[in-house]
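Everything below concerns the one structure shown next.
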Amino acid sequence: MKPIWIVDDDQSIRFVLEKALLRENLPTRSFTSATEVLKALAESPESEGPQILVSDIRMPGGSGLDLLDKVKQRYPALPVIIMTAFSDLDSAVSAFQGGAFEYLPKPFDLTKAVELIRRAVDESQREEVSEERLSAMPEMLGQAPAMQDVFRAIGRLSQSQVTVLITGESGSGKELVARALHKHSPRANGPFVAINTAAIPKDLLESELFGHERGAFTGAQTMRRGRFEQADGGTLFLDEIGDMPFDLQTRLLRVLSDGQFYRVGGHSAVRANVRVIAATHQNLEQRVKEGAFREDLFHRLNVIRLRLPALRERREDVPMLTRFFLQQSAKQLGVEPKRIAESAIKLLGTFDFPGNVRQLENICHWLTVMAPAQVIEIKDLPPEVLGAVGGAEAAAVAVATLPGSLAPVPAPVVAAPPEPVRDLPAPAPVVVAPVPVTVAAEAPAAGQSWEAGLQAEAMALLETGRTDVWDVLTRRFETRLIQTALTNTRGRRIEAAHKLGIGRNTITRKIQELGME
């Protein structure tokens with residue numbers, strides 16, 4: 001295991017951390033300044049760099065934040081823990097939130113410090129394994145049995161030039177399969193040309209497919225080669241073939257039958273040696289029955305059919321795809337790749353993804369831009385995911401579910417305090433006074449979001465004529481939110497504040513104001 005690098009000009013801090021980490025069988029290497037660290041990094045090969053960097057924020061010869069910035073340029077995935085005095089917390093948090101793994105306030109509890117470093121080590125090792133897997137990933141990803149069937153089919157077709165029909169929902173990756181079929185075929189050195197027949201107006205589609213002669217129609221200033229000619233010697237991918245206009249289906253059938261066609265306005269037959277791969281999200285058999293798709297063209301295309309599974313049918317692939325897309329998004333945006341907590345991955349895996357893999361890719365782009373910290377938590381997931389998890393899952397995600405019953409409360413509701421821990425006195429039970437409701441409000445149905453419950457509760461209170469509804473609901477919301485965060489962190493206030501996205505002073509003040517001491 002690579003060593004943990006400790007950077008602090010205070011010898012006593014270095015000594016204490018070294019001894020504590022050695023007792024945990026964690027190797028260390030100590031430095032007194034940022035300059036020493038940068039020199040050591042320049043002289044060390046990447047394989048011998050640090051596992052974790054623990055650095056003070058205020059040191060002679062360069063601050064910890066400057067060091068953080070320079071280290072991240074060489075080791076973007078390296079977890080960095082910044083040590084700082086209480087007076088520095090607010091500025092430090094805002095300054096390195098986008099890069100540091102965590103901060104360690106001075107004076108620190110040694111047990112907590114070791115626990116934090118151990119957590120960073122575990123995260124670092126997980127990321128190393130993920131990066132190794134990602135670096136070896138092919139152009140298509142999937143461990144699910146349904147995807148393995150697709151891969152086997154591509155392998156069997158690798159030496160064939162037969163026409164293939166790919167079916168599957170929108171966003172499931174049909175074009176990726178078509179590109180893989182081309183890449184692993186005898187035509188791999190030829191062009192791969194793709195056209196979405198549903199995205200081009202009917203009047204232009206014929207010209208796009210077959211080309212046109214000069215003067216064939218208004219605006220045709222020169223002769224233009226169509227997609228069939230462009231794909232000569234290679235593969236033509238016809239996406240959304242089920243939406244092709246009926247009269248053009250006849251021309252396509254003729255090309256597939258004898259391999260020749262006429263440009264729009266042309267009189268000489270053009271031959272093209274093209275392998276056709278078609279794809280659709282529609283049920284072509286049903287389209288044939290409805291008279292919207294030619295039966296003879298269907299049989300001509302349906303030589304080999306590959307069905308691509310929806311993402312909800314291969315949920316075991318969600319973690320791998322998510323980490324891959326986060327890496328890709330970061331590379332495109334020129335930022336450090338974000339990590340995603342196991343709890344967030346687990347919840348993401350319960351989402352049905354109506355937009356399939358394309359939707360997951362878009363979600364990862366959104367998270368790369370919008371998630372406030374380097375580690376993506378459940379609360380950072382986009383609204384369409386959190387809003388779709390319903391019932392108990394929605395309550396857990398929101399971490400602020402209000403009491404469900406809106407009928408008159410016969411007795412005070414007592415919220416149980418978090419489990420006592422050594423650095424946080426056990427809070428006294430928080431008693432929420434009963435609120436008489438004279439006008440009954442309809443309780444939210446099972447599976448409704450917590451926002452619906454909040455809306456109903458607010459309406460019930462407003463209809464009583466009360467003038468302190470804001471204070472009542474805000475107090476209950478904040479109490480439940482802080483209690484849940486403290487339970488999650490086993491009473492560690494600083495960690496709870498960080499996860500909630502508020503300052504340490506803020507959570508301390510709120511605990512006092514809400515009577516949670």
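Residues are referred to by chain and number: the chain letter is A, B, ... according to the order shown in the structure tokens, the number counts from 1 in that chain, and ligands are numbered separately from 1 in the order shown.
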
Quiz item: Could you name the residues that touch segment 333-350 of chain A at 9 Å or less, counting only C-alpha atoms, but leaving out those on the same chain fewer than 4 positions away, as a ChimeraX atom specification?
Solution: /A:72,76-77,98-99,123,127,312,315-319,322-323,326-329,367-369,371,373-381,385-386,389,393,397

Okay, now the selection with C-alpha atoms, as a PDB file, in the first residue's frame?
ATOM      1  CA  LYS A  72      -4.940  17.789  -8.168  1.00  0.00           C
ATOM      2  CA  PRO A  76      -7.047  14.398  -9.964  1.00  0.00           C
ATOM      3  CA  ALA A  77      -8.530  11.405  -8.084  1.00  0.00           C
ATOM      4  CA  GLY A  98     -14.630  21.336  -5.334  1.00  0.00           C
ATOM      5  CA  GLY A  99     -11.411  19.424  -4.719  1.00  0.00           C
ATOM      6  CA  GLU A 123     -12.525   5.477  -1.107  1.00  0.00           C
ATOM      7  CA  GLU A 127     -11.549   4.443  -7.154  1.00  0.00           C
ATOM      8  CA  ARG A 312     -34.506  -1.365 -16.305  1.00  0.00           C
ATOM      9  CA  ARG A 315     -30.117  -2.853 -13.518  1.00  0.00           C
ATOM     10  CA  GLU A 316     -26.865  -4.576 -12.521  1.00  0.00           C
ATOM     11  CA  ASP A 317     -25.156  -2.495 -15.218  1.00  0.00           C
ATOM     12  CA  VAL A 318     -26.211   0.848 -13.708  1.00  0.00           C
ATOM     13  CA  PRO A 319     -23.192   1.232 -11.332  1.00  0.00           C
ATOM     14  CA  THR A 322     -22.771   5.579 -14.036  1.00  0.00           C
ATOM     15  CA  ARG A 323     -19.068   5.632 -13.146  1.00  0.00           C
ATOM     16  CA  LEU A 326     -19.146  10.463 -14.802  1.00  0.00           C
ATOM     17  CA  GLN A 327     -15.590   9.916 -16.074  1.00  0.00           C
ATOM     18  CA  GLN A 328     -16.640  10.857 -19.610  1.00  0.00           C
ATOM     19  CA  SER A 329     -18.519  13.983 -18.476  1.00  0.00           C
ATOM     20  CA  LEU A 367     -24.470  15.606 -11.698  1.00  0.00           C
ATOM     21  CA  THR A 368     -21.019  16.614 -12.952  1.00  0.00           C
ATOM     22  CA  VAL A 369     -22.218  20.200 -13.272  1.00  0.00           C
ATOM     23  CA  ALA A 371     -23.625  18.258  -7.564  1.00  0.00           C
ATOM     24  CA  ALA A 373     -19.370  18.204  -3.603  1.00  0.00           C
ATOM     25  CA  GLN A 374     -16.921  15.704  -5.043  1.00  0.00           C
ATOM     26  CA  VAL A 375     -18.839  12.744  -3.595  1.00  0.00           C
ATOM     27  CA  ILE A 376     -22.390  12.523  -4.950  1.00  0.00           C
ATOM     28  CA  GLU A 377     -24.905  11.699  -2.209  1.00  0.00           C
ATOM     29  CA  ILE A 378     -28.580  10.719  -2.461  1.00  0.00           C
ATOM     30  CA  LYS A 379     -29.691  14.316  -1.932  1.00  0.00           C
ATOM     31  CA  ASP A 380     -27.677  15.391  -5.000  1.00  0.00           C
ATOM     32  CA  LEU A 381     -29.607  13.177  -7.445  1.00  0.00           C
ATOM     33  CA  VAL A 385     -35.028  10.464  -9.851  1.00  0.00           C
ATOM     34  CA  LEU A 386     -35.957  11.619  -6.346  1.00  0.00           C
ATOM     35  CA  VAL A 389     -38.923   6.776  -5.840  1.00  0.00           C
ATOM     36  CA  GLU A 393     -37.882   5.523  -0.389  1.00  0.00           C
ATOM     37  CA  VAL A 397     -34.303  10.472   0.181  1.00  0.00           C
TER      38      VAL A 397
END

Among segment 142-320 of chain A, which ones does DSSP assign to helix (DSSP H, G or I) (computed from the backbone)? Answer as a PDB file with N, CA and C atoms, in the first residue's frame.
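Just written: part22.pdb:
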ATOM      1  N   PRO A 145     -26.991 -10.568 -18.171  1.00  0.00           N
ATOM      2  CA  PRO A 145     -27.155 -11.673 -19.134  1.00  0.00           C
ATOM      3  C   PRO A 145     -27.752 -11.229 -20.456  1.00  0.00           C
ATOM      4  N   ALA A 146     -28.708 -10.297 -20.429  1.00  0.00           N
ATOM      5  CA  ALA A 146     -29.335  -9.844 -21.672  1.00  0.00           C
ATOM      6  C   ALA A 146     -28.329  -9.152 -22.585  1.00  0.00           C
ATOM      7  N   MET A 147     -27.388  -8.393 -21.990  1.00  0.00           N
ATOM      8  CA  MET A 147     -26.368  -7.728 -22.799  1.00  0.00           C
ATOM      9  C   MET A 147     -25.328  -8.726 -23.288  1.00  0.00           C
ATOM     10  N   GLN A 148     -25.031  -9.718 -22.486  1.00  0.00           N
ATOM     11  CA  GLN A 148     -24.093 -10.739 -22.924  1.00  0.00           C
ATOM     12  C   GLN A 148     -24.625 -11.483 -24.144  1.00  0.00           C
ATOM     13  N   ASP A 149     -25.953 -11.664 -24.195  1.00  0.00           N
ATOM     14  CA  ASP A 149     -26.557 -12.286 -25.375  1.00  0.00           C
ATOM     15  C   ASP A 149     -26.336 -11.420 -26.611  1.00  0.00           C
ATOM     16  N   VAL A 150     -26.459 -10.102 -26.432  1.00  0.00           N
ATOM     17  CA  VAL A 150     -26.228  -9.173 -27.546  1.00  0.00           C
ATOM     18  C   VAL A 150     -24.776  -9.263 -28.011  1.00  0.00           C
ATOM     19  N   PHE A 151     -23.843  -9.291 -27.054  1.00  0.00           N
ATOM     20  CA  PHE A 151     -22.424  -9.364 -27.410  1.00  0.00           C
ATOM     21  C   PHE A 151     -22.112 -10.666 -28.166  1.00  0.00           C
ATOM     22  N   ARG A 152     -22.718 -11.756 -27.707  1.00  0.00           N
ATOM     23  CA  ARG A 152     -22.486 -13.037 -28.388  1.00  0.00           C
ATOM     24  C   ARG A 152     -23.009 -12.986 -29.821  1.00  0.00           C
ATOM     25  N   ALA A 153     -24.171 -12.335 -29.997  1.00  0.00           N
ATOM     26  CA  ALA A 153     -24.741 -12.225 -31.340  1.00  0.00           C
ATOM     27  C   ALA A 153     -23.833 -11.395 -32.249  1.00  0.00           C
ATOM     28  N   ILE A 154     -23.277 -10.303 -31.712  1.00  0.00           N
ATOM     29  CA  ILE A 154     -22.356  -9.481 -32.501  1.00  0.00           C
ATOM     30  C   ILE A 154     -21.142 -10.320 -32.912  1.00  0.00           C
ATOM     31  N   GLY A 155     -20.664 -11.146 -31.976  1.00  0.00           N
ATOM     32  CA  GLY A 155     -19.532 -12.014 -32.288  1.00  0.00           C
ATOM     33  C   GLY A 155     -19.849 -13.000 -33.396  1.00  0.00           C
ATOM     34  N   ARG A 156     -21.049 -13.597 -33.350  1.00  0.00           N
ATOM     35  CA  ARG A 156     -21.420 -14.575 -34.375  1.00  0.00           C
ATOM     36  C   ARG A 156     -21.566 -13.919 -35.747  1.00  0.00           C
ATOM     37  N   LYS A 174     -29.081   1.569 -29.690  1.00  0.00           N
ATOM     38  CA  LYS A 174     -29.165   0.806 -30.941  1.00  0.00           C
ATOM     39  C   LYS A 174     -28.056   1.203 -31.924  1.00  0.00           C
ATOM     40  N   GLU A 175     -27.728   2.491 -31.971  1.00  0.00           N
ATOM     41  CA  GLU A 175     -26.665   2.914 -32.889  1.00  0.00           C
ATOM     42  C   GLU A 175     -25.313   2.354 -32.458  1.00  0.00           C
ATOM     43  N   LEU A 176     -25.078   2.240 -31.143  1.00  0.00           N
ATOM     44  CA  LEU A 176     -23.834   1.642 -30.667  1.00  0.00           C
ATOM     45  C   LEU A 176     -23.692   0.197 -31.156  1.00  0.00           C
ATOM     46  N   VAL A 177     -24.804  -0.532 -31.134  1.00  0.00           N
ATOM     47  CA  VAL A 177     -24.781  -1.916 -31.616  1.00  0.00           C
ATOM     48  C   VAL A 177     -24.484  -1.934 -33.113  1.00  0.00           C
ATOM     49  N   ALA A 178     -25.117  -1.018 -33.840  1.00  0.00           N
ATOM     50  CA  ALA A 178     -24.878  -0.958 -35.288  1.00  0.00           C
ATOM     51  C   ALA A 178     -23.407  -0.656 -35.583  1.00  0.00           C
ATOM     52  N   ARG A 179     -22.824   0.273 -34.818  1.00  0.00           N
ATOM     53  CA  ARG A 179     -21.408   0.607 -35.026  1.00  0.00           C
ATOM     54  C   ARG A 179     -20.516  -0.589 -34.682  1.00  0.00           C
ATOM     55  N   ALA A 180     -20.893  -1.324 -33.639  1.00  0.00           N
ATOM     56  CA  ALA A 180     -20.107  -2.509 -33.273  1.00  0.00           C
ATOM     57  C   ALA A 180     -20.189  -3.577 -34.358  1.00  0.00           C
ATOM     58  N   LEU A 181     -21.390  -3.762 -34.933  1.00  0.00           N
ATOM     59  CA  LEU A 181     -21.545  -4.725 -36.017  1.00  0.00           C
ATOM     60  C   LEU A 181     -20.669  -4.341 -37.204  1.00  0.00           C
ATOM     61  N   HIS A 182     -20.598  -3.045 -37.496  1.00  0.00           N
ATOM     62  CA  HIS A 182     -19.756  -2.581 -38.596  1.00  0.00           C
ATOM     63  C   HIS A 182     -18.274  -2.756 -38.273  1.00  0.00           C
ATOM     64  N   LYS A 183     -17.898  -2.360 -37.058  1.00  0.00           N
ATOM     65  CA  LYS A 183     -16.484  -2.402 -36.657  1.00  0.00           C
ATOM     66  C   LYS A 183     -15.918  -3.814 -36.699  1.00  0.00           C
ATOM     67  N   LYS A 202     -40.255  14.461 -44.902  1.00  0.00           N
ATOM     68  CA  LYS A 202     -40.525  13.523 -45.993  1.00  0.00           C
ATOM     69  C   LYS A 202     -40.013  14.030 -47.334  1.00  0.00           C
ATOM     70  N   ASP A 203     -40.178  15.328 -47.602  1.00  0.00           N
ATOM     71  CA  ASP A 203     -39.792  15.876 -48.896  1.00  0.00           C
ATOM     72  C   ASP A 203     -38.276  15.861 -49.099  1.00  0.00           C
ATOM     73  N   LEU A 204     -37.513  15.843 -48.005  1.00  0.00           N
ATOM     74  CA  LEU A 204     -36.053  15.861 -48.107  1.00  0.00           C
ATOM     75  C   LEU A 204     -35.431  14.481 -47.954  1.00  0.00           C
ATOM     76  N   LEU A 205     -36.180  13.539 -47.399  1.00  0.00           N
ATOM     77  CA  LEU A 205     -35.603  12.240 -47.083  1.00  0.00           C
ATOM     78  C   LEU A 205     -35.155  11.485 -48.329  1.00  0.00           C
ATOM     79  N   GLU A 206     -35.951  11.573 -49.406  1.00  0.00           N
ATOM     80  CA  GLU A 206     -35.580  10.858 -50.637  1.00  0.00           C
ATOM     81  C   GLU A 206     -34.235  11.350 -51.162  1.00  0.00           C
ATOM     82  N   SER A 207     -34.052  12.679 -51.151  1.00  0.00           N
ATOM     83  CA  SER A 207     -32.789  13.240 -51.605  1.00  0.00           C
ATOM     84  C   SER A 207     -31.644  12.860 -50.685  1.00  0.00           C
ATOM     85  N   GLU A 208     -31.903  12.809 -49.362  1.00  0.00           N
ATOM     86  CA  GLU A 208     -30.872  12.433 -48.397  1.00  0.00           C
ATOM     87  C   GLU A 208     -30.410  11.001 -48.636  1.00  0.00           C
ATOM     88  N   LEU A 209     -31.346  10.116 -48.946  1.00  0.00           N
ATOM     89  CA  LEU A 209     -30.996   8.710 -49.124  1.00  0.00           C
ATOM     90  C   LEU A 209     -30.336   8.440 -50.474  1.00  0.00           C
ATOM     91  N   PHE A 210     -30.917   9.011 -51.540  1.00  0.00           N
ATOM     92  CA  PHE A 210     -30.501   8.616 -52.884  1.00  0.00           C
ATOM     93  C   PHE A 210     -29.747   9.710 -53.639  1.00  0.00           C
ATOM     94  N   ARG A 227     -26.923   9.145 -49.148  1.00  0.00           N
ATOM     95  CA  ARG A 227     -26.292   8.321 -48.110  1.00  0.00           C
ATOM     96  C   ARG A 227     -25.910   6.935 -48.640  1.00  0.00           C
ATOM     97  N   PHE A 228     -26.684   6.410 -49.576  1.00  0.00           N
ATOM     98  CA  PHE A 228     -26.333   5.095 -50.131  1.00  0.00           C
ATOM     99  C   PHE A 228     -24.988   5.157 -50.845  1.00  0.00           C
ATOM    100  N   GLU A 229     -24.779   6.206 -51.630  1.00  0.00           N
ATOM    101  CA  GLU A 229     -23.496   6.339 -52.319  1.00  0.00           C
ATOM    102  C   GLU A 229     -22.358   6.609 -51.338  1.00  0.00           C
ATOM    103  N   GLN A 230     -22.635   7.418 -50.313  1.00  0.00           N
ATOM    104  CA  GLN A 230     -21.601   7.731 -49.314  1.00  0.00           C
ATOM    105  C   GLN A 230     -21.157   6.476 -48.566  1.00  0.00           C
ATOM    106  N   ILE A 241     -36.480   3.102 -38.649  1.00  0.00           N
ATOM    107  CA  ILE A 241     -36.992   2.697 -39.960  1.00  0.00           C
ATOM    108  C   ILE A 241     -38.513   2.567 -39.947  1.00  0.00           C
ATOM    109  N   GLY A 242     -39.086   2.321 -38.764  1.00  0.00           N
ATOM    110  CA  GLY A 242     -40.539   2.171 -38.666  1.00  0.00           C
ATOM    111  C   GLY A 242     -41.297   3.437 -38.995  1.00  0.00           C
ATOM    112  N   ASP A 243     -40.621   4.593 -38.988  1.00  0.00           N
ATOM    113  CA  ASP A 243     -41.271   5.877 -39.281  1.00  0.00           C
ATOM    114  C   ASP A 243     -41.028   6.335 -40.715  1.00  0.00           C
ATOM    115  N   PHE A 246     -44.365   5.712 -46.408  1.00  0.00           N
ATOM    116  CA  PHE A 246     -44.725   4.477 -47.106  1.00  0.00           C
ATOM    117  C   PHE A 246     -44.197   4.452 -48.536  1.00  0.00           C
ATOM    118  N   ASP A 247     -44.268   5.584 -49.271  1.00  0.00           N
ATOM    119  CA  ASP A 247     -43.836   5.572 -50.663  1.00  0.00           C
ATOM    120  C   ASP A 247     -42.322   5.397 -50.783  1.00  0.00           C
ATOM    121  N   LEU A 248     -41.561   5.890 -49.783  1.00  0.00           N
ATOM    122  CA  LEU A 248     -40.119   5.697 -49.809  1.00  0.00           C
ATOM    123  C   LEU A 248     -39.738   4.255 -49.469  1.00  0.00           C
ATOM    124  N   GLN A 249     -40.621   3.565 -48.740  1.00  0.00           N
ATOM    125  CA  GLN A 249     -40.351   2.159 -48.427  1.00  0.00           C
ATOM    126  C   GLN A 249     -40.241   1.340 -49.711  1.00  0.00           C
ATOM    127  N   THR A 250     -41.026   1.710 -50.729  1.00  0.00           N
ATOM    128  CA  THR A 250     -40.990   0.999 -52.004  1.00  0.00           C
ATOM    129  C   THR A 250     -39.624   1.165 -52.671  1.00  0.00           C
ATOM    130  N   ARG A 251     -39.096   2.390 -52.674  1.00  0.00           N
ATOM    131  CA  ARG A 251     -37.782   2.638 -53.273  1.00  0.00           C
ATOM    132  C   ARG A 251     -36.682   1.905 -52.501  1.00  0.00           C
ATOM    133  N   LEU A 252     -36.808   1.894 -51.169  1.00  0.00           N
ATOM    134  CA  LEU A 252     -35.805   1.205 -50.355  1.00  0.00           C
ATOM    135  C   LEU A 252     -35.820  -0.289 -50.649  1.00  0.00           C
ATOM    136  N   LEU A 253     -37.011  -0.856 -50.780  1.00  0.00           N
ATOM    137  CA  LEU A 253     -37.123  -2.280 -51.094  1.00  0.00           C
ATOM    138  C   LEU A 253     -36.431  -2.614 -52.411  1.00  0.00           C
ATOM    139  N   ARG A 254     -36.594  -1.737 -53.405  1.00  0.00           N
ATOM    140  CA  ARG A 254     -35.984  -1.978 -54.701  1.00  0.00           C
ATOM    141  C   ARG A 254     -34.455  -1.951 -54.603  1.00  0.00           C
ATOM    142  N   VAL A 255     -33.929  -1.034 -53.800  1.00  0.00           N
ATOM    143  CA  VAL A 255     -32.473  -0.951 -53.626  1.00  0.00           C
ATOM    144  C   VAL A 255     -31.961  -2.218 -52.944  1.00  0.00           C
ATOM    145  N   LEU A 256     -32.676  -2.668 -51.910  1.00  0.00           N
ATOM    146  CA  LEU A 256     -32.249  -3.868 -51.188  1.00  0.00           C
ATOM    147  C   LEU A 256     -32.335  -5.105 -52.085  1.00  0.00           C
ATOM    148  N   SER A 257     -33.243  -5.068 -53.042  1.00  0.00           N
ATOM    149  CA  SER A 257     -33.442  -6.236 -53.916  1.00  0.00           C
ATOM    150  C   SER A 257     -32.365  -6.350 -54.988  1.00  0.00           C
ATOM    151  N   ASP A 258     -32.080  -5.224 -55.696  1.00  0.00           N
ATOM    152  CA  ASP A 258     -31.142  -5.329 -56.825  1.00  0.00           C
ATOM    153  C   ASP A 258     -29.900  -4.464 -56.670  1.00  0.00           C
ATOM    154  N   LEU A 284     -42.793  -3.563 -35.520  1.00  0.00           N
ATOM    155  CA  LEU A 284     -43.000  -3.551 -36.975  1.00  0.00           C
ATOM    156  C   LEU A 284     -44.104  -4.503 -37.406  1.00  0.00           C
ATOM    157  N   GLU A 285     -44.261  -5.632 -36.712  1.00  0.00           N
ATOM    158  CA  GLU A 285     -45.359  -6.541 -37.051  1.00  0.00           C
ATOM    159  C   GLU A 285     -46.702  -5.822 -36.936  1.00  0.00           C
ATOM    160  N   GLN A 286     -46.858  -5.010 -35.880  1.00  0.00           N
ATOM    161  CA  GLN A 286     -48.095  -4.259 -35.687  1.00  0.00           C
ATOM    162  C   GLN A 286     -48.242  -3.191 -36.763  1.00  0.00           C
ATOM    163  N   ARG A 287     -47.130  -2.554 -37.134  1.00  0.00           N
ATOM    164  CA  ARG A 287     -47.173  -1.533 -38.190  1.00  0.00           C
ATOM    165  C   ARG A 287     -47.581  -2.167 -39.530  1.00  0.00           C
ATOM    166  N   VAL A 288     -47.135  -3.396 -39.753  1.00  0.00           N
ATOM    167  CA  VAL A 288     -47.535  -4.103 -40.980  1.00  0.00           C
ATOM    168  C   VAL A 288     -49.036  -4.372 -40.966  1.00  0.00           C
ATOM    169  N   LYS A 289     -49.552  -4.825 -39.813  1.00  0.00           N
ATOM    170  CA  LYS A 289     -50.992  -5.090 -39.702  1.00  0.00           C
ATOM    171  C   LYS A 289     -51.818  -3.833 -39.917  1.00  0.00           C
ATOM    172  N   GLU A 295     -45.061  -5.186 -45.832  1.00  0.00           N
ATOM    173  CA  GLU A 295     -44.720  -6.511 -45.306  1.00  0.00           C
ATOM    174  C   GLU A 295     -43.499  -7.084 -46.007  1.00  0.00           C
ATOM    175  N   ASP A 296     -43.383  -6.859 -47.347  1.00  0.00           N
ATOM    176  CA  ASP A 296     -42.233  -7.400 -48.061  1.00  0.00           C
ATOM    177  C   ASP A 296     -40.938  -6.717 -47.623  1.00  0.00           C
ATOM    178  N   LEU A 297     -40.988  -5.414 -47.293  1.00  0.00           N
ATOM    179  CA  LEU A 297     -39.797  -4.722 -46.790  1.00  0.00           C
ATOM    180  C   LEU A 297     -39.447  -5.231 -45.394  1.00  0.00           C
ATOM    181  N   PHE A 298     -40.480  -5.485 -44.598  1.00  0.00           N
ATOM    182  CA  PHE A 298     -40.228  -6.017 -43.256  1.00  0.00           C
ATOM    183  C   PHE A 298     -39.461  -7.329 -43.323  1.00  0.00           C
ATOM    184  N   HIS A 299     -39.882  -8.234 -44.209  1.00  0.00           N
ATOM    185  CA  HIS A 299     -39.204  -9.528 -44.321  1.00  0.00           C
ATOM    186  C   HIS A 299     -37.803  -9.365 -44.898  1.00  0.00           C
ATOM    187  N   ARG A 300     -37.619  -8.361 -45.776  1.00  0.00           N
ATOM    188  CA  ARG A 300     -36.296  -8.115 -46.338  1.00  0.00           C
ATOM    189  C   ARG A 300     -35.325  -7.618 -45.271  1.00  0.00           C
ATOM    190  N   LEU A 301     -35.833  -6.816 -44.329  1.00  0.00           N
ATOM    191  CA  LEU A 301     -34.985  -6.270 -43.257  1.00  0.00           C
ATOM    192  C   LEU A 301     -34.798  -7.262 -42.115  1.00  0.00           C
ATOM    193  N   LEU A 311     -32.810  -0.430 -20.039  1.00  0.00           N
ATOM    194  CA  LEU A 311     -31.903  -0.346 -18.898  1.00  0.00           C
ATOM    195  C   LEU A 311     -32.536  -0.930 -17.635  1.00  0.00           C
ATOM    196  N   ARG A 312     -33.839  -0.815 -17.492  1.00  0.00           N
ATOM    197  CA  ARG A 312     -34.506  -1.365 -16.305  1.00  0.00           C
ATOM    198  C   ARG A 312     -34.449  -2.898 -16.294  1.00  0.00           C
ATOM    199  N   GLU A 313     -34.140  -3.519 -17.454  1.00  0.00           N
ATOM    200  CA  GLU A 313     -33.987  -4.964 -17.537  1.00  0.00           C
ATOM    201  C   GLU A 313     -32.558  -5.408 -17.259  1.00  0.00           C
ATOM    202  N   ARG A 315     -30.446  -3.795 -14.585  1.00  0.00           N
ATOM    203  CA  ARG A 315     -30.117  -2.853 -13.518  1.00  0.00           C
ATOM    204  C   ARG A 315     -28.712  -3.077 -12.951  1.00  0.00           C
ATOM    205  N   GLU A 316     -28.206  -4.311 -13.049  1.00  0.00           N
ATOM    206  CA  GLU A 316     -26.865  -4.576 -12.521  1.00  0.00           C
ATOM    207  C   GLU A 316     -25.784  -3.821 -13.271  1.00  0.00           C
ATOM    208  N   ASP A 317     -26.133  -3.271 -14.448  1.00  0.00           N
ATOM    209  CA  ASP A 317     -25.156  -2.495 -15.218  1.00  0.00           C
ATOM    210  C   ASP A 317     -25.145  -1.022 -14.849  1.00  0.00           C
ATOM    211  N   VAL A 318     -26.112  -0.581 -14.034  1.00  0.00           N
ATOM    212  CA  VAL A 318     -26.211   0.848 -13.708  1.00  0.00           C
ATOM    213  C   VAL A 318     -24.954   1.384 -13.004  1.00  0.00           C
ATOM    214  N   PRO A 319     -24.396   0.690 -11.977  1.00  0.00           N
ATOM    215  CA  PRO A 319     -23.192   1.232 -11.332  1.00  0.00           C
ATOM    216  C   PRO A 319     -22.027   1.418 -12.302  1.00  0.00           C
ATOM    217  N   MET A 320     -21.749   0.425 -13.122  1.00  0.00           N
ATOM    218  CA  MET A 320     -20.645   0.509 -14.077  1.00  0.00           C
ATOM    219  C   MET A 320     -20.868   1.649 -15.076  1.00  0.00           C
TER     220      MET A 320
END

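For the pair atom CA of Asp352 of chain A and atom CA of Gly453 of chain A, the separation is 23.7 Å.
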
Quiz item: At what distance in Å, to one decimal, does atom CA of Asp66 of chain A lie from atom CA of Ala113 of chain A?
Solution: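 Straight-line distance from atom CA of Ala113 of chain A to atom CA of Asp66 of chain A works out to 22.3 Å.
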
Self-check item: Arg119 of chain A environment, 12 Å, only C-alpha atoms, sequence neighbours closer than 6 positions dropped, as an NGL selection string
Solution: :A and (51-52 or 79-81 or 101-102 or 112-113 or 125-126)

Those residues with N, CA and C atoms, as a short mmCIF file (atom, residue, chain, number, x, y, z; two decimals), in the first residue's frame please?
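Everything below was put into again34.cif:
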data_model
loop_
_atom_site.label_atom_id
_atom_site.label_comp_id
_atom_site.auth_asym_id
_atom_site.auth_seq_id
_atom_site.Cartn_x
_atom_site.Cartn_y
_atom_site.Cartn_z
N GLN A 51 -1.11 7.69 -1.17
CA GLN A 51 -2.45 7.11 -1.18
C GLN A 51 -3.46 8.18 -0.77
N ILE A 52 -3.07 8.96 0.25
CA ILE A 52 -3.87 10.06 0.78
C ILE A 52 -2.92 11.21 1.09
N PRO A 79 -7.54 11.57 -2.90
CA PRO A 79 -8.26 12.20 -1.79
C PRO A 79 -7.31 13.09 -0.97
N VAL A 80 -7.71 14.33 -0.76
CA VAL A 80 -6.91 15.29 0.01
C VAL A 80 -7.73 15.75 1.21
N ILE A 81 -7.15 15.62 2.40
CA ILE A 81 -7.81 16.08 3.63
C ILE A 81 -7.07 17.33 4.11
N PHE A 101 -11.22 16.09 -0.30
CA PHE A 101 -12.09 14.98 0.12
C PHE A 101 -12.88 15.37 1.37
N GLU A 102 -12.20 16.00 2.33
CA GLU A 102 -12.84 16.39 3.59
C GLU A 102 -11.91 17.35 4.32
N LYS A 112 -11.21 10.32 15.65
CA LYS A 112 -11.98 10.79 14.50
C LYS A 112 -11.08 11.02 13.30
N ALA A 113 -9.88 11.55 13.57
CA ALA A 113 -8.95 11.82 12.48
C ALA A 113 -8.56 10.52 11.78
N GLN A 125 -9.01 3.34 -2.67
CA GLN A 125 -8.83 1.98 -3.21
C GLN A 125 -9.98 1.59 -4.12
N ARG A 126 -11.21 2.00 -3.76
CA ARG A 126 -12.35 1.72 -4.63
C ARG A 126 -12.19 2.42 -5.97
#

Quiz item: atom CA of Ala188 of chain A and atom CA of Leu157 of chain A are how many Å apart?
Solution: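 Result for atom CA of Ala188 of chain A versus atom CA of Leu157 of chain A: 12.8 Å, one decimal.
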